[in-house]
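Asks: Mind having a look at this structure? Questions to follow.
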Amino acid sequence: MRFFHQTWLVFLAFGIAADTGRCATTDAAPIMEVRFWDSTQGRLNYEYELLRLALEKTADDYPAYDLKRHDEDFGSLRGRRALAEGHPINVYAAPARDKEGALEARIISIPIPILGGLMGYRQLIVREDRLQDMAEIISEDQLKPLTVGQGQSWPDVAIFRRNGYPVNDTGRYSNLFTMLEQRRFDYLSLGIIEARRELASHQPANGTLALVPDLYLYYPLPVVFHVSATAGPLAERLEEGLERALKDGSMEALFQSHFADELTAIHAESRRLFILEAPLPGLEWSPQSELPPVMRFRTTAQ
């Protein structure tokens, strides 16, 4: 709970009312409103179910809750602004970021990685006419001359550039597949847990895009729940609920039930894996020893 209290005090320094968006009052009892957003289909159901699990784990200690999904395609920056304001969303799941700037001061990031290291394994999507070229890549030096496509404000952009990869980050997520088809960049890098589903959802009518078999990138990319500081009690509740779900094994069971195939794929003998250096965001992370082994993430390239 230490990070919640620290961030909450920073937020109060801005003079913004602490209870905004926390509960809706009814004649019977207060209701804790939970408005969740994530536009990524590959992990949306897991995150939504985990959010509900954390809320249920704390049902005896907090008000009843009203959990609803928000489906608008914000884009990363606009979504974080809406989260900071607490309307129309007050929680979403995304890669962790360093807590710098006025916007981040209005967002509470719960320092419990909900996908372990799995989100850090990146699968590549290319045009089908590039599949043979990609099959011949056996080293980073062969991949680095190619340009990777990423969305605006994604934390991955800085990681790729730090490691010497050219990046095109001029698009929003909703148009990245079209940009790839139009040869604006050479490949699109997405998390292994989302790449196949997202490709199926965004595949052009002529079916010209494909996953590169057995080639993965890896860098630390812990995904966490981010909560609007206007809904501070919700952040406290979710942190408690996640800690309880970790201790009783229900979080790991949910994780395994959603991502068994992906966990098998990253350990296959045939896979090619390039590891990129990336520092972990400066949150007060729960010790890795408290996470199930399958949910831990690498912190170095070794």
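Every chain in the structure tokens has a letter given in the order shown (A, B, ...), and although residue numbers restart at 1 in each chain, ligands are simply numbered from 1 in the order shown.
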DSSP on the backbone, strand (DSSP E or B) only: what residues of stretch 7-166 of chain A does that give? Format it as JSON, numbers by chain.

Replies: {"A": [23, 24, 25, 30, 31, 32, 33, 34, 35, 36, 37, 64, 65, 66, 67, 68, 69, 70, 91, 92, 93, 94, 95, 107, 108, 109, 121, 122, 123, 124, 125, 126, 127, 148, 149, 150, 151]}

Asks: Distance table requested - stretch 197-233 of chain A against stretch 124-141 of chain A, cut-off 7 Å, only C-alpha atoms: one row per qualifying residue with the closest atom pair and its distance in Å to one decimal, ordered by chain and rising residue number, as a tab-separated table.

Replies:
```
residue	atom	partner	partner_atom	distance
A:Thr208	CA	A:Glu128	CA	5.6
A:Leu209	CA	A:Arg127	CA	4.4
A:Ala210	CA	A:Glu128	CA	5.6
A:Leu211	CA	A:Ile125	CA	4.5
A:Val212	CA	A:Leu124	CA	5.6
```

Asks: Find the distance between atom CA of A:Phe177 and atom CA of A:Gly191 and write it in Å to one decimal.

Replies: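 Interatomic distance here is 14.7 Å.
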
Asks: Could you tell me which of A:Phe255, A:Phe225, A:Tyr48, A:Tyr121 comes closest to A:Ser189 if we count only C-alpha atoms?

Replies: A:Tyr121

Asks: Env of A:Leu77: 9 Å cut, atoms = only C-alpha atoms, seq-sep filter 2 positions within chain, self excluded. Answer as a list in words.

Replies: Phe74, Gly75, Gly79, Arg80, Arg81, Ala82, Gln152, Ser153 and Trp154 of chain A

Asks: Could you write out the selected residues, including C-alpha atoms, as a compact mmCIF listing (two decimals), in the first residue's frame?

Replies:
```
# COMPACT_ATOMS: atom_id res chain seq x y z
CA PHE A 74 -9.18 7.00 -26.99
CA GLY A 75 -5.60 6.39 -28.02
CA GLY A 79 -6.99 7.84 -22.58
CA ARG A 80 -4.56 8.89 -19.87
CA ARG A 81 -6.01 12.39 -19.85
CA ALA A 82 -9.51 10.99 -19.42
CA GLN A 152 1.88 7.45 -30.48
CA SER A 153 3.00 7.76 -26.84
CA TRP A 154 3.60 4.02 -26.40
```

Asks: Dump as CSV the rows for residues of stretch 214-267 of chain A within 10 Å of stretch 279-285 of chain A: closest atom pair and distance in Å with one decimal, only C-alpha atoms counted, ordered by chain and rising residue number.

Replies:
```
residue,atom,partner,partner_atom,distance
A:Tyr219,CA,A:Pro279,CA,9.0
A:Pro220,CA,A:Leu280,CA,6.7
A:Leu221,CA,A:Leu280,CA,7.6
A:Pro222,CA,A:Leu280,CA,8.0
```

Asks: Compile the contact shell of A:Gly241 as a PDB file with N, CA and C atoms, in the first residue's frame: residues with an atom at most 12 Å away, counting only C-alpha atoms, same-chain residues fewer than 2 positions apart removed.

Replies:
```pdb
ATOM      1  N   MET A   1       0.815  -1.218   0.000  1.00  0.00           N
ATOM      2  CA  MET A   1       0.000   0.000   0.000  1.00  0.00           C
ATOM      3  C   MET A   1       0.850   1.270   0.000  1.00  0.00           C
ATOM      4  N   LEU A  50      -9.841 -10.118 -14.060  1.00  0.00           N
ATOM      5  CA  LEU A  50      -8.956  -9.892 -12.920  1.00  0.00           C
ATOM      6  C   LEU A  50      -9.427  -8.700 -12.096  1.00  0.00           C
ATOM      7  N   LEU A  51      -9.899  -7.665 -12.773  1.00  0.00           N
ATOM      8  CA  LEU A  51     -10.440  -6.508 -12.068  1.00  0.00           C
ATOM      9  C   LEU A  51     -11.629  -6.923 -11.204  1.00  0.00           C
ATOM     10  N   ARG A  52     -12.511  -7.716 -11.777  1.00  0.00           N
ATOM     11  CA  ARG A  52     -13.656  -8.198 -11.000  1.00  0.00           C
ATOM     12  C   ARG A  52     -13.195  -9.086  -9.834  1.00  0.00           C
ATOM     13  N   LEU A  53     -12.191  -9.917 -10.073  1.00  0.00           N
ATOM     14  CA  LEU A  53     -11.669 -10.778  -9.013  1.00  0.00           C
ATOM     15  C   LEU A  53     -11.148  -9.945  -7.850  1.00  0.00           C
ATOM     16  N   ALA A  54     -10.386  -8.898  -8.144  1.00  0.00           N
ATOM     17  CA  ALA A  54      -9.856  -8.039  -7.085  1.00  0.00           C
ATOM     18  C   ALA A  54     -10.975  -7.347  -6.316  1.00  0.00           C
ATOM     19  N   LEU A  55     -12.010  -6.940  -7.027  1.00  0.00           N
ATOM     20  CA  LEU A  55     -13.154  -6.299  -6.369  1.00  0.00           C
ATOM     21  C   LEU A  55     -13.896  -7.288  -5.471  1.00  0.00           C
ATOM     22  N   GLU A  56     -14.038  -8.522  -5.947  1.00  0.00           N
ATOM     23  CA  GLU A  56     -14.726  -9.541  -5.149  1.00  0.00           C
ATOM     24  C   GLU A  56     -13.917  -9.916  -3.911  1.00  0.00           C
ATOM     25  N   LYS A  57     -12.596  -9.934  -4.038  1.00  0.00           N
ATOM     26  CA  LYS A  57     -11.746 -10.287  -2.901  1.00  0.00           C
ATOM     27  C   LYS A  57     -11.869  -9.275  -1.768  1.00  0.00           C
ATOM     28  N   THR A  58     -12.319  -8.081  -2.071  1.00  0.00           N
ATOM     29  CA  THR A  58     -12.445  -7.018  -1.068  1.00  0.00           C
ATOM     30  C   THR A  58     -13.904  -6.651  -0.798  1.00  0.00           C
ATOM     31  N   ALA A  59     -14.820  -7.509  -1.211  1.00  0.00           N
ATOM     32  CA  ALA A  59     -16.248  -7.181  -1.121  1.00  0.00           C
ATOM     33  C   ALA A  59     -16.708  -6.943   0.314  1.00  0.00           C
ATOM     34  N   ASP A  60     -16.073  -7.588   1.275  1.00  0.00           N
ATOM     35  CA  ASP A  60     -16.504  -7.444   2.671  1.00  0.00           C
ATOM     36  C   ASP A  60     -15.991  -6.165   3.321  1.00  0.00           C
ATOM     37  N   ASP A  61     -15.043  -5.497   2.667  1.00  0.00           N
ATOM     38  CA  ASP A  61     -14.392  -4.349   3.290  1.00  0.00           C
ATOM     39  C   ASP A  61     -14.697  -3.013   2.629  1.00  0.00           C
ATOM     40  N   TYR A  62     -15.389  -3.057   1.496  1.00  0.00           N
ATOM     41  CA  TYR A  62     -15.672  -1.834   0.737  1.00  0.00           C
ATOM     42  C   TYR A  62     -17.132  -1.847   0.276  1.00  0.00           C
ATOM     43  N   ILE A 110      -0.807   1.011  -9.701  1.00  0.00           N
ATOM     44  CA  ILE A 110      -0.683  -0.030  -8.676  1.00  0.00           C
ATOM     45  C   ILE A 110       0.513  -0.914  -9.019  1.00  0.00           C
ATOM     46  N   ILE A 112       1.780  -3.759  -8.998  1.00  0.00           N
ATOM     47  CA  ILE A 112       1.691  -5.219  -9.055  1.00  0.00           C
ATOM     48  C   ILE A 112       1.525  -5.600 -10.517  1.00  0.00           C
ATOM     49  N   PHE A 225      -2.585  -1.968 -13.345  1.00  0.00           N
ATOM     50  CA  PHE A 225      -3.792  -1.164 -13.325  1.00  0.00           C
ATOM     51  C   PHE A 225      -3.432   0.271 -12.942  1.00  0.00           C
ATOM     52  N   LEU A 234     -10.601   3.498  -4.740  1.00  0.00           N
ATOM     53  CA  LEU A 234     -10.624   2.382  -5.674  1.00  0.00           C
ATOM     54  C   LEU A 234      -9.215   1.822  -5.852  1.00  0.00           C
ATOM     55  N   ALA A 235      -8.206   2.684  -5.931  1.00  0.00           N
ATOM     56  CA  ALA A 235      -6.824   2.218  -6.049  1.00  0.00           C
ATOM     57  C   ALA A 235      -6.419   1.396  -4.833  1.00  0.00           C
ATOM     58  N   GLU A 236      -6.761   1.891  -3.665  1.00  0.00           N
ATOM     59  CA  GLU A 236      -6.456   1.165  -2.437  1.00  0.00           C
ATOM     60  C   GLU A 236      -7.147  -0.196  -2.433  1.00  0.00           C
ATOM     61  N   ARG A 237      -8.379  -0.230  -2.858  1.00  0.00           N
ATOM     62  CA  ARG A 237      -9.144  -1.481  -2.883  1.00  0.00           C
ATOM     63  C   ARG A 237      -8.534  -2.480  -3.866  1.00  0.00           C
ATOM     64  N   LEU A 238      -8.173  -2.010  -5.049  1.00  0.00           N
ATOM     65  CA  LEU A 238      -7.628  -2.919  -6.051  1.00  0.00           C
ATOM     66  C   LEU A 238      -6.276  -3.474  -5.616  1.00  0.00           C
ATOM     67  N   GLU A 239      -5.455  -2.651  -4.998  1.00  0.00           N
ATOM     68  CA  GLU A 239      -4.164  -3.158  -4.524  1.00  0.00           C
ATOM     69  C   GLU A 239      -4.367  -4.247  -3.478  1.00  0.00           C
ATOM     70  N   GLU A 243      -3.353  -8.281  -4.068  1.00  0.00           N
ATOM     71  CA  GLU A 243      -2.470  -8.948  -3.124  1.00  0.00           C
ATOM     72  C   GLU A 243      -3.119 -10.225  -2.577  1.00  0.00           C
ATOM     73  N   ARG A 244      -4.402 -10.174  -2.295  1.00  0.00           N
ATOM     74  CA  ARG A 244      -5.103 -11.357  -1.800  1.00  0.00           C
ATOM     75  C   ARG A 244      -5.198 -12.433  -2.880  1.00  0.00           C
ATOM     76  N   ALA A 245      -5.441 -12.015  -4.129  1.00  0.00           N
ATOM     77  CA  ALA A 245      -5.541 -12.977  -5.227  1.00  0.00           C
ATOM     78  C   ALA A 245      -4.192 -13.631  -5.515  1.00  0.00           C
ATOM     79  N   LEU A 246      -3.104 -12.897  -5.290  1.00  0.00           N
ATOM     80  CA  LEU A 246      -1.777 -13.502  -5.436  1.00  0.00           C
ATOM     81  C   LEU A 246      -1.540 -14.541  -4.350  1.00  0.00           C
ATOM     82  N   LYS A 247      -1.890 -14.200  -3.129  1.00  0.00           N
ATOM     83  CA  LYS A 247      -1.607 -15.095  -2.006  1.00  0.00           C
ATOM     84  C   LYS A 247      -2.413 -16.381  -2.064  1.00  0.00           C
ATOM     85  N   ASP A 248      -3.652 -16.313  -2.535  1.00  0.00           N
ATOM     86  CA  ASP A 248      -4.469 -17.533  -2.538  1.00  0.00           C
ATOM     87  C   ASP A 248      -4.404 -18.297  -3.856  1.00  0.00           C
ATOM     88  N   SER A 250      -5.484 -17.489  -6.855  1.00  0.00           N
ATOM     89  CA  SER A 250      -6.558 -17.300  -7.835  1.00  0.00           C
ATOM     90  C   SER A 250      -6.122 -16.428  -9.010  1.00  0.00           C
ATOM     91  N   MET A 251      -5.194 -15.508  -8.790  1.00  0.00           N
ATOM     92  CA  MET A 251      -4.686 -14.686  -9.881  1.00  0.00           C
ATOM     93  C   MET A 251      -3.869 -15.529 -10.851  1.00  0.00           C
TER      94      MET A 251
END
```
